[in-house]
Amino acid sequence: MAAMAGRAAALRRSGFRFRWRTRVAACGVRGAAQDAAGRQDYDVLVIGGGSGGLACAKEAAQLGKKVAVVDYVEPSPRGTRWGLGGTCVNVGCIPKKLMHQAALLGDMIRDAPHYGWEVPQQVPHDWRKMAEAVQNHVKSLNWGHRVQLQDRKVKYFNIKASFVNEHMVCGVTKGGKEIEGALEYGITSDDIFWLKESPGKTLVVGASYVALECAGFLTGLGLDTTVMIRSIPLRGFDQQMSSLVTEHMASHGTQFLRGCTPSRVKKLPDGQLQVTWKDLASGREDMGTFDTVLWAIGRVPETRSLNLEKAGVNTNPNSHKILVDAQEATSVPHIYAIGDAAEGRPELTPTAIMAGRLLAQRLCGQSSDLMDYDNVPTTVFTPLEYGCVGLSEEEAVARHGEEHVEVYHAYYKPLEFTVAERDSSQCYIKMVCLREPPQLVLGLHFLGPNAGEVTQGFALGIKCGASYTQVMRTVGIHPTCAEEVAKLRIAKRSGLDPTVTGC
């Protein structure tokens with residue numbers, strides 16, 4: 001049995017075992033060996049120690065299988081490396097949320113005088129202290145994963161993997177359009193969480209949720225931050241909500257260069273980075289100087305080094321992701337892929353974890369349940385958080401037709417914003433429903449404080465097939481932002497002002 005790269009896992013069907021061989025590299029380093037050829041047999045071999053791979057490995061081991069995990073982190077161009085746990089733990093969800101929290105605390109300090117707290121007008125932020133605390137927590141999670149594998153008797157190989165054939169994987173010890181200066185002088189989101197010193201004035205290239213989240217907390221920590229967007233922000237998300245996200249960021253200090261692409265990065269004698277970019281609409285070139293250039297333009301799965309063709313596993317030639325069916329099976333019946341490396345799957349930690357556990361249970365004969373990828377909730381942790389579950393308004397209209405879709409919406413003001421006199425212009429909720437009674441809820445979109453907490457609660461109802469009628473019969477908890485969802489009475493097509501007044 002074997003697993004794929006990133007947050008991915010591939011396992012055998014009954015009657016097969018997967019053979020693992022550690023090959024001696026030129027430097028002479030050898031991994032653990034079972035026989036003279038350095039081979040070991042496993043029921044389950046997981047390639048990729050991310051969220052999905054670890055969940056699959058732990059579940060299979062708990063169900064009595066002999067399991068190994070093969071995981072290796074290729075350092076970033078700047079040399080950043082990290083431990084077991086994958087993107088989420090090391091360079092994604094966990095450090096991102098903690099730095100987002102640091103920025104939110106800055107907002108609370110600015111609010112404090114309105115609530116009677118006497119605090120200095122200028123409260124400095126210590127990047128080094130924050131970074132050290134965040135990194136120490138991440139390292140504790142790395143260690144925790146290793147302990148959990150050891151407790152379950154899962155063998156861990158910190159080494160690269162490559163297929164020899166469809167039943168043997170070999171371990172080997174480590175041995176797009178290029179933009180001039182990008183690799184030499186830029187960093188990625190992998191690096192930002194491990195910087196020892198403040199990045200200073202920063203250009204963030206990209207408009208994905210990672211790009212906007214990074215730009216958001218950098219601005220919140222008091223840094224001069226600019227986001228360069230080639231086309232649209234938050235592609236794949238509801239575009240009305242995406243526009244509100246960037247409007248809020250712009251009104252709170254983040255600068256945006258829209259419709260621009262970088263062409264070169266040059267290091268000046270004073271150490272600053274001079275970036276040249278092209279305005280796609282006018283064709284004109286412009287330039288600016290920054291202390292740091294952060295590339296957040298997406299990830300490519302580490303599948304090409306796996307030699308999947310030797311095992312007969314098919315991939316998408318453009319995305320390099322592994323083609324899978326509803327059972328997570330690849331083109332080879334006993335090899336499976338889950339998580340970010342699988343084509344058409346949400347790049348989200350919770351889906352990878354659940355898919356990994358369900359896959360292990362199916363292969364161990366404990367369940368026949370398949371992963372359901374519909375109505376998966378998620379949240380973008382920008383300064384004003386955006387949570388969503390289900391279809392965007394665009395997707396609902398494309399699927400059902402505009403005449404069959406009803407959208408209920410509201411602009412609201414969080415109670416916490418009132419005394420502090422915070423702007424709430426972008427605090428907005430919309431519920432996308434079928435128009436025909438009882439008006440099945442197709443999607444919920446929430447922009448405001450604690451969006452993840454709000455969305456997680458309503459996600460259960462939507463997963464269970466909640467209707468608009470049922471949501472309107474739900475008693476809200478007062479005074480909360482979440483109760484505004486249960487008070488959505490204004491339909492978009494009515495043209496009425498959706499601004500909430502009173503309490």
# chains A, B, ... in the order shown; residues from 1 in each chain; ligands from 1
call {"tool": "select_by_dssp", "arguments": {"residues": "segment 199-386 of chain A", "states": "strand (DSSP E or B)", "output": "NGL selection string"}}
result
:A and (202-205 or 225-229 or 255-258 or 260-267 or 273-279 or 285-290 or 292-295 or 315 or 322 or 329 or 336 or 342 or 378-380 or 386)
call {"tool": "atom_distance", "arguments": {"atom1": "atom CA of Pro120 of chain A", "atom2": "atom CA of Thr382 of chain A"}}
result
26.2 Å
call {"tool": "residues_around", "arguments": {"residues": "Leu98 of chain A", "least_positions_apart": "3", "cutoff": "12 Å", "atoms": "only C-alpha atoms", "output": "mmCIF file with N, CA, C and O atoms, in the first residue's frame"}}
result
data_model
loop_
_atom_site.group_PDB
_atom_site.id
_atom_site.type_symbol
_atom_site.label_atom_id
_atom_site.label_comp_id
_atom_site.auth_asym_id
_atom_site.auth_seq_id
_atom_site.Cartn_x
_atom_site.Cartn_y
_atom_site.Cartn_z
ATOM 1 N N VAL A 89 0.174 22.629 9.516
ATOM 2 C CA VAL A 89 0.850 22.796 10.805
ATOM 3 C C VAL A 89 2.007 23.767 10.712
ATOM 4 O O VAL A 89 2.189 24.626 11.589
ATOM 5 N N ASN A 90 2.783 23.672 9.662
ATOM 6 C CA ASN A 90 4.067 24.372 9.600
ATOM 7 C C ASN A 90 4.039 25.728 8.909
ATOM 8 O O ASN A 90 4.679 26.677 9.380
ATOM 9 N N VAL A 91 3.351 25.823 7.794
ATOM 10 C CA VAL A 91 3.396 27.057 6.996
ATOM 11 C C VAL A 91 2.011 27.443 6.497
ATOM 12 O O VAL A 91 1.871 28.084 5.455
ATOM 13 N N GLY A 92 0.980 27.031 7.212
ATOM 14 C CA GLY A 92 -0.380 27.306 6.770
ATOM 15 C C GLY A 92 -1.281 27.714 7.912
ATOM 16 O O GLY A 92 -1.035 28.698 8.608
ATOM 17 N N CYS A 93 -2.334 26.917 8.128
ATOM 18 C CA CYS A 93 -3.425 27.279 9.046
ATOM 19 C C CYS A 93 -2.944 27.723 10.419
ATOM 20 O O CYS A 93 -3.392 28.755 10.931
ATOM 21 N N ILE A 94 -2.051 26.961 11.033
ATOM 22 C CA ILE A 94 -1.694 27.223 12.429
ATOM 23 C C ILE A 94 -0.901 28.524 12.586
ATOM 24 O O ILE A 94 -1.343 29.429 13.309
ATOM 25 N N PRO A 95 0.261 28.689 11.947
ATOM 26 C CA PRO A 95 0.973 29.963 12.123
ATOM 27 C C PRO A 95 0.185 31.151 11.577
ATOM 28 O O PRO A 95 0.242 32.255 12.128
ATOM 29 N N GLN A 101 -4.252 36.483 14.805
ATOM 30 C CA GLN A 101 -4.669 36.842 16.154
ATOM 31 C C GLN A 101 -3.813 37.990 16.702
ATOM 32 O O GLN A 101 -4.327 38.889 17.375
ATOM 33 N N ALA A 102 -2.527 37.954 16.398
ATOM 34 C CA ALA A 102 -1.645 39.035 16.841
ATOM 35 C C ALA A 102 -2.121 40.378 16.276
ATOM 36 O O ALA A 102 -2.121 41.399 16.973
ATOM 37 N N ALA A 103 -2.523 40.373 14.999
ATOM 38 C CA ALA A 103 -3.016 41.600 14.374
ATOM 39 C C ALA A 103 -4.340 42.046 14.989
ATOM 40 O O ALA A 103 -4.572 43.243 15.197
ATOM 41 N N LEU A 104 -5.227 41.083 15.285
ATOM 42 C CA LEU A 104 -6.510 41.422 15.912
ATOM 43 C C LEU A 104 -6.302 42.046 17.284
ATOM 44 O O LEU A 104 -7.036 42.959 17.688
ATOM 45 N N LEU A 105 -5.288 41.562 18.012
ATOM 46 C CA LEU A 105 -4.990 42.144 19.326
ATOM 47 C C LEU A 105 -4.593 43.610 19.194
ATOM 48 O O LEU A 105 -4.913 44.438 20.059
ATOM 49 N N MET A 130 6.983 37.561 18.729
ATOM 50 C CA MET A 130 5.822 36.851 18.184
ATOM 51 C C MET A 130 6.251 35.632 17.384
ATOM 52 O O MET A 130 5.709 34.536 17.562
ATOM 53 N N ALA A 131 7.226 35.829 16.488
ATOM 54 C CA ALA A 131 7.675 34.743 15.625
ATOM 55 C C ALA A 131 8.221 33.576 16.440
ATOM 56 O O ALA A 131 7.944 32.410 16.149
ATOM 57 N N GLU A 132 8.984 33.883 17.485
ATOM 58 C CA GLU A 132 9.544 32.822 18.318
ATOM 59 C C GLU A 132 8.447 32.024 19.013
ATOM 60 O O GLU A 132 8.510 30.790 19.072
ATOM 61 N N ALA A 133 7.427 32.723 19.505
ATOM 62 C CA ALA A 133 6.323 32.035 20.182
ATOM 63 C C ALA A 133 5.547 31.150 19.205
ATOM 64 O O ALA A 133 5.199 30.003 19.519
ATOM 65 N N VAL A 134 5.281 31.678 18.013
ATOM 66 C CA VAL A 134 4.551 30.908 16.996
ATOM 67 C C VAL A 134 5.366 29.688 16.573
ATOM 68 O O VAL A 134 4.847 28.566 16.477
ATOM 69 N N GLN A 135 6.645 29.894 16.317
ATOM 70 C CA GLN A 135 7.502 28.790 15.868
ATOM 71 C C GLN A 135 7.649 27.725 16.939
ATOM 72 O O GLN A 135 7.683 26.518 16.634
ATOM 73 N N ASN A 136 7.720 28.129 18.192
ATOM 74 C CA ASN A 136 7.811 27.139 19.273
ATOM 75 C C ASN A 136 6.547 26.288 19.350
ATOM 76 O O ASN A 136 6.610 25.082 19.603
ATOM 77 N N HIS A 137 5.399 26.912 19.135
ATOM 78 C CA HIS A 137 4.156 26.135 19.140
ATOM 79 C C HIS A 137 4.139 25.148 17.976
ATOM 80 O O HIS A 137 3.750 23.982 18.144
ATOM 81 N N VAL A 138 4.555 25.610 16.797
ATOM 82 C CA VAL A 138 4.598 24.723 15.632
ATOM 83 C C VAL A 138 5.524 23.532 15.892
ATOM 84 O O VAL A 138 5.188 22.381 15.592
ATOM 85 N N PHE A 193 6.412 32.840 7.896
ATOM 86 C CA PHE A 193 6.126 32.424 9.266
ATOM 87 C C PHE A 193 7.386 32.057 10.053
ATOM 88 O O PHE A 193 7.320 31.854 11.262
ATOM 89 N N GLU A 213 -4.600 36.852 3.396
ATOM 90 C CA GLU A 213 -4.420 36.642 4.837
ATOM 91 C C GLU A 213 -3.076 37.190 5.307
ATOM 92 O O GLU A 213 -2.996 37.878 6.335
ATOM 93 N N CYS A 214 -2.020 36.895 4.555
ATOM 94 C CA CYS A 214 -0.695 37.399 4.916
ATOM 95 C C CYS A 214 -0.668 38.927 4.874
ATOM 96 O O CYS A 214 -0.165 39.586 5.791
ATOM 97 N N PHE A 217 -2.585 40.399 7.994
ATOM 98 C CA PHE A 217 -1.935 40.466 9.307
ATOM 99 C C PHE A 217 -0.683 41.343 9.277
ATOM 100 O O PHE A 217 -0.326 41.959 10.277
ATOM 101 N N PHE A 381 -9.138 33.993 6.744
ATOM 102 C CA PHE A 381 -8.815 34.777 7.931
ATOM 103 C C PHE A 381 -8.146 36.103 7.570
ATOM 104 O O PHE A 381 -7.020 36.393 7.961
#
call {"tool": "decode", "arguments": {"residues": "segment 336-372 of chain A", "atoms": "C-alpha atoms", "output": "PDB file, in the first residue's frame"}}
result
ATOM      1  CA  TYR A 336      -5.062   5.970  -3.704  1.00  0.00           C
ATOM      2  CA  ALA A 337      -4.609   9.733  -3.393  1.00  0.00           C
ATOM      3  CA  ILE A 338      -6.199  12.196  -0.979  1.00  0.00           C
ATOM      4  CA  GLY A 339      -5.768  15.827   0.012  1.00  0.00           C
ATOM      5  CA  ASP A 340      -4.081  18.610  -1.936  1.00  0.00           C
ATOM      6  CA  ALA A 341      -2.322  16.247  -4.351  1.00  0.00           C
ATOM      7  CA  ALA A 342      -5.617  14.796  -5.636  1.00  0.00           C
ATOM      8  CA  GLU A 343      -7.336  16.447  -8.591  1.00  0.00           C
ATOM      9  CA  GLY A 344     -10.596  18.259  -7.884  1.00  0.00           C
ATOM     10  CA  ARG A 345     -10.384  18.112  -4.089  1.00  0.00           C
ATOM     11  CA  PRO A 346     -10.607  21.130  -1.754  1.00  0.00           C
ATOM     12  CA  GLU A 347      -7.167  22.144  -0.512  1.00  0.00           C
ATOM     13  CA  LEU A 348      -8.341  22.109   3.093  1.00  0.00           C
ATOM     14  CA  THR A 349      -6.923  20.312   6.116  1.00  0.00           C
ATOM     15  CA  PRO A 350     -10.219  19.021   7.580  1.00  0.00           C
ATOM     16  CA  THR A 351     -11.279  17.424   4.286  1.00  0.00           C
ATOM     17  CA  ALA A 352      -7.881  15.714   3.954  1.00  0.00           C
ATOM     18  CA  ILE A 353      -8.103  14.390   7.527  1.00  0.00           C
ATOM     19  CA  MET A 354     -11.618  13.025   7.103  1.00  0.00           C
ATOM     20  CA  ALA A 355     -10.812  11.557   3.679  1.00  0.00           C
ATOM     21  CA  GLY A 356      -7.725   9.860   5.148  1.00  0.00           C
ATOM     22  CA  ARG A 357      -9.629   8.290   8.022  1.00  0.00           C
ATOM     23  CA  LEU A 358     -12.486   7.111   5.816  1.00  0.00           C
ATOM     24  CA  LEU A 359     -10.052   5.629   3.300  1.00  0.00           C
ATOM     25  CA  ALA A 360      -8.245   3.686   6.027  1.00  0.00           C
ATOM     26  CA  GLN A 361     -11.563   2.415   7.390  1.00  0.00           C
ATOM     27  CA  ARG A 362     -12.710   1.232   3.957  1.00  0.00           C
ATOM     28  CA  LEU A 363      -9.441  -0.540   3.232  1.00  0.00           C
ATOM     29  CA  CYS A 364      -9.522  -2.228   6.627  1.00  0.00           C
ATOM     30  CA  GLY A 365     -13.091  -3.406   6.057  1.00  0.00           C
ATOM     31  CA  GLN A 366     -14.542  -1.249   8.838  1.00  0.00           C
ATOM     32  CA  SER A 367     -16.776   0.985   6.721  1.00  0.00           C
ATOM     33  CA  SER A 368     -18.010   1.639   3.195  1.00  0.00           C
ATOM     34  CA  ASP A 369     -18.536   5.382   3.719  1.00  0.00           C
ATOM     35  CA  LEU A 370     -17.136   7.731   1.062  1.00  0.00           C
ATOM     36  CA  MET A 371     -15.920  11.278   1.645  1.00  0.00           C
ATOM     37  CA  ASP A 372     -18.638  13.826   0.816  1.00  0.00           C
TER      38      ASP A 372
END
